[in-house]
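Working notes for the structure below.
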Amino acid sequence: MLLVGILCLFLSLPVGAQKRRTDSRIYLIHSDLLYKTPRDPHAEILVGNVRLSHEGVYLDCDSARFYREDNSFDAYGHVKMVQGDTLSLKGDSLFYDGYALQAHARGNVVLTHRKSRLLTNKLDYDRMYGVGMYIDGGTLYDGDNELNSNWGQYTPSTHEAFFTDNVTLKNPKFNLVSDTLYYYTDTEVAQIVTPTNITTNDGTFVYGQAGNYDTKQAKAYLLNRSYIIKDMRRIEGDSLNYDKERGISEAFGDVILTDDENMCALKGDYCWYEDSTGNALATGRAVAMEYSEQDTLYVHADTLRMYTFNMNTDSVYRNLHAYKRVRIFRNDIQAVCDSLVSLQLDSCTYMYGQPILWNEEQQVFGEEIRIYNIEDKIDWVHILRQAMTIEKVDSVSYNQVAAKEMMCFFKDGEIEHNEAHGNVYVVYFFDEDDGNRLLMNYTETTDLSIFMKERKVEKIWMPSSQGTMYPALKIPNEKRYLSNFAWFDYIRPLNKDDIFEWRGKDSKNILKASQTRVAPIQKLSNVKTGKFDK
C-alpha cells in the first residue's frame, strides 16, 4: 500500500516536475576559482564571478558552495537569481535545492516581477508552484501602492499577492488597513476579505468586510454591510459602490444615508449620493426622516430626491421631492398625497394629487395643500380649491367647513385659527348651555373665521350669512354632511411602519380638478386685413 501511495503521489505531479526530480541538474557556467576543502568534502568551493544555471534560471554571486550530488548550492554575496526577463530574486545569501525547486533567500531580499518589487529579509521561493513567501515582515511596491504585512506570499504567474497580519496599503491618495488582503499587481485591485478601513486624503472613511478596491481608479465594490463617512454624512448598505473621483456612492439593500449635521436621514432599498453637490436619491421602501425636534418626521414615497444648494457654505439649504404614493407620519401630524415638494429656504411644503392632512381629530383636504413652517414647526396650512376641513365630534357627527380656499393657523402644534374664503359652507355641532341637547348649525356664507382655545371654539366671525339650527334628532340627511364630505380614517398612516402600506381614496371620493376660466384662444384669419376669428 505504501508503494502504491508513493506511486500515486509521483504520478500526480506535473510531467515537468517528475523529470526535474530525477534528471534535472544544476550546471556551473563560470567561477574565477574552484577548490575543495576537507572540512566540507561534498562541496565545491566557488569564488569570484560565480554563475550557475538550472532549467532556465541563472544565478550570479560572489561565492558559493556547490553540492553536485545533492543538486543544490549555497550562494553568498550579491546574490541574483534571474528567470527570463520578468522575474529576478536578489539577496545577501541563498540556498537552492534543484530537486525540490526551492530557493531560500536571506538578507536584504528583493523579488522583482515586472514593475512590482517585494522586499523582505527572508523569502522562500517555490519554483514548482511559482510562489514566494515571507513570514517575518515584508513590503510590496507596485506603482503608487506600498503594501506591508507580517506574513505574505506572491505568485508572479497569476500576479496575485496575499497578505495577512497587520496589513497596510499606502497610496498618495488613501491608506488601507486590514488583517488579511489579496492584491493583484496586473490590475492594482485589492480584494477585501476581512474588516477593512480605507481613509482617503480628503477625509472620506470607507469600511468594508468583503469586496474589492480598485486602487488605480479609486473605486470600491463592497459587501456585507459596508459604509462610507464623509464630513458628517454616512451611507450604509448591504452592498456599496463608491467612485472617489466622481464622488458618487451607490448602496443597495436596507440602505440608510444619515446627515448628523442637519439631523436628517434617507432610507431605501437603493440610495444614490453625490459628495460634491449633496444630491441624493432613494427608491424601494424609501423614507426621509427629519429628527431635529424631539419627535421624528417620516416621509415615504416610491421615489425620493434630495437637492442641496450652496454646498459647504453657511447658507446651505435643501429641497425634497417625493413622487408617487406619498405618506407622512409624525405623532402630531399625518398626511398623504400623490407627490410632494418641500423647500427648506421657503420653509414650505407643497402637496399635490388628492392631498389629505390630519392633526389630532382634525382632517383637511383639497386639490393642493401648502404647509408653512417656522423652526421646523407648522405655522400655517393653506388649502387651495375644493378645500375642506373636518373635525370628528362622535361616530356620526362631524364639524365641517368647505370653501374655495382655507387657511389653518397653528400654535404649539394645535390649530388656533381657521379662515375660509369663497362659497363657504359650514356644518357645526354644539351643546346648549345646559349641556342636555346637541344642536347642529348649517350655514352658507362668503367668508369665515374660527378662533380656537384649548381645542374648543372660542369665537366665530362671518359677514352676512344664511343658516339654520337643527336639533340632533331632526337633522335632515342632506344637511348633516356637506357634498364633498369624506372621513378618510382608512387612509390615515397609523405609525412610522404604516407609511409603507399605500391605501388610496375610494373612487367616489376622488376630487376632480376644478376648472378655471381662461382667455379664449384667438386664431389669425387674415394677416393683411388684421381680422381675427374668435
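Lettering and numbering for the C-alpha cells are positional, with chains as A, B, ... in the shown order, residues counted from 1 in each chain, and ligands counted from 1 in the shown order.
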
Which of segment 251-313 of chain A DSSP labels strand (DSSP E), written as a PDB file with C-alpha atoms, in the first residue's frame:
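File written: part_9.pdb
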ATOM      1  CA  ALA A 251     -25.850  51.482  -1.884  1.00  0.00           C
ATOM      2  CA  PHE A 252     -28.179  48.500  -2.170  1.00  0.00           C
ATOM      3  CA  GLY A 253     -30.268  46.646   0.398  1.00  0.00           C
ATOM      4  CA  ASP A 254     -31.549  48.202   3.638  1.00  0.00           C
ATOM      5  CA  VAL A 255     -29.713  51.453   2.912  1.00  0.00           C
ATOM      6  CA  ILE A 256     -29.507  54.386   5.305  1.00  0.00           C
ATOM      7  CA  LEU A 257     -27.973  57.764   4.456  1.00  0.00           C
ATOM      8  CA  THR A 258     -27.607  59.966   7.547  1.00  0.00           C
ATOM      9  CA  ASP A 259     -26.664  63.637   7.838  1.00  0.00           C
ATOM     10  CA  CYS A 264     -31.939  64.113   8.787  1.00  0.00           C
ATOM     11  CA  ALA A 265     -31.706  60.723   7.091  1.00  0.00           C
ATOM     12  CA  LEU A 266     -32.725  58.942   3.912  1.00  0.00           C
ATOM     13  CA  LYS A 267     -33.552  55.222   3.740  1.00  0.00           C
ATOM     14  CA  GLY A 268     -34.439  52.795   0.954  1.00  0.00           C
ATOM     15  CA  ASP A 269     -33.644  49.581  -0.847  1.00  0.00           C
ATOM     16  CA  TYR A 270     -31.443  51.710  -3.134  1.00  0.00           C
ATOM     17  CA  CYS A 271     -29.736  55.042  -2.473  1.00  0.00           C
ATOM     18  CA  TRP A 272     -27.521  57.266  -4.621  1.00  0.00           C
ATOM     19  CA  TYR A 273     -25.451  60.158  -3.252  1.00  0.00           C
ATOM     20  CA  GLU A 274     -23.074  62.724  -4.788  1.00  0.00           C
ATOM     21  CA  ALA A 280     -29.365  62.130  -3.133  1.00  0.00           C
ATOM     22  CA  LEU A 281     -31.914  59.650  -4.455  1.00  0.00           C
ATOM     23  CA  ALA A 282     -33.753  56.809  -2.704  1.00  0.00           C
ATOM     24  CA  THR A 283     -36.160  54.184  -4.071  1.00  0.00           C
ATOM     25  CA  GLY A 284     -37.757  50.972  -2.807  1.00  0.00           C
ATOM     26  CA  ARG A 285     -39.347  51.491   0.629  1.00  0.00           C
ATOM     27  CA  ALA A 286     -37.794  54.944   0.508  1.00  0.00           C
ATOM     28  CA  VAL A 287     -38.266  57.175   3.547  1.00  0.00           C
ATOM     29  CA  ALA A 288     -36.868  60.566   4.536  1.00  0.00           C
ATOM     30  CA  MET A 289     -36.540  61.304   8.251  1.00  0.00           C
ATOM     31  CA  GLU A 290     -36.113  64.636   9.990  1.00  0.00           C
ATOM     32  CA  LEU A 297     -40.970  63.172  10.886  1.00  0.00           C
ATOM     33  CA  TYR A 298     -41.175  60.270   8.393  1.00  0.00           C
ATOM     34  CA  VAL A 299     -41.885  60.848   4.672  1.00  0.00           C
ATOM     35  CA  HIS A 300     -42.324  57.854   2.358  1.00  0.00           C
ATOM     36  CA  ALA A 301     -42.770  57.733  -1.430  1.00  0.00           C
ATOM     37  CA  ASP A 302     -41.901  55.449  -4.329  1.00  0.00           C
ATOM     38  CA  THR A 303     -39.029  57.822  -5.162  1.00  0.00           C
ATOM     39  CA  LEU A 304     -37.356  60.464  -3.015  1.00  0.00           C
ATOM     40  CA  ARG A 305     -34.904  63.052  -4.356  1.00  0.00           C
ATOM     41  CA  MET A 306     -32.945  65.458  -2.184  1.00  0.00           C
ATOM     42  CA  TYR A 307     -31.277  68.505  -3.754  1.00  0.00           C
ATOM     43  CA  THR A 308     -28.663  70.583  -1.902  1.00  0.00           C
ATOM     44  CA  PHE A 309     -27.790  74.195  -2.739  1.00  0.00           C
TER      45      PHE A 309
END

Atomic separation - atom CA of Asp489 of chain A relative to atom CA of Asp376 of chain A, Å: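 It comes out at 25.9 Å.
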
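In this comparison, which uses only C-alpha atoms, the residue of A:Thr180, A:Gln102, A:Asn171, A:Asn262 approaching Thr200 of chain A most closely is A:Asn171.
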
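Closest to Leu46 of chain A among A:Gly107, A:Pro476, A:Pro355, A:Gly77 is A:Gly77, based on only C-alpha atoms.
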
Distance criterion (only C-alpha atoms): nearest to Met452 of chain A out of A:Glu414, A:Asp142, A:Glu478, A:Asp70: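 Comparing A:Glu414, A:Asp142, A:Glu478, A:Asp70 against Met452 of chain A, the winner is A:Glu414.
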
Pick from A:Asp412, A:Ile383, A:Ala335, A:Met351 nearest to Phe488 of chain A, counting only C-alpha atoms: A:Ala335
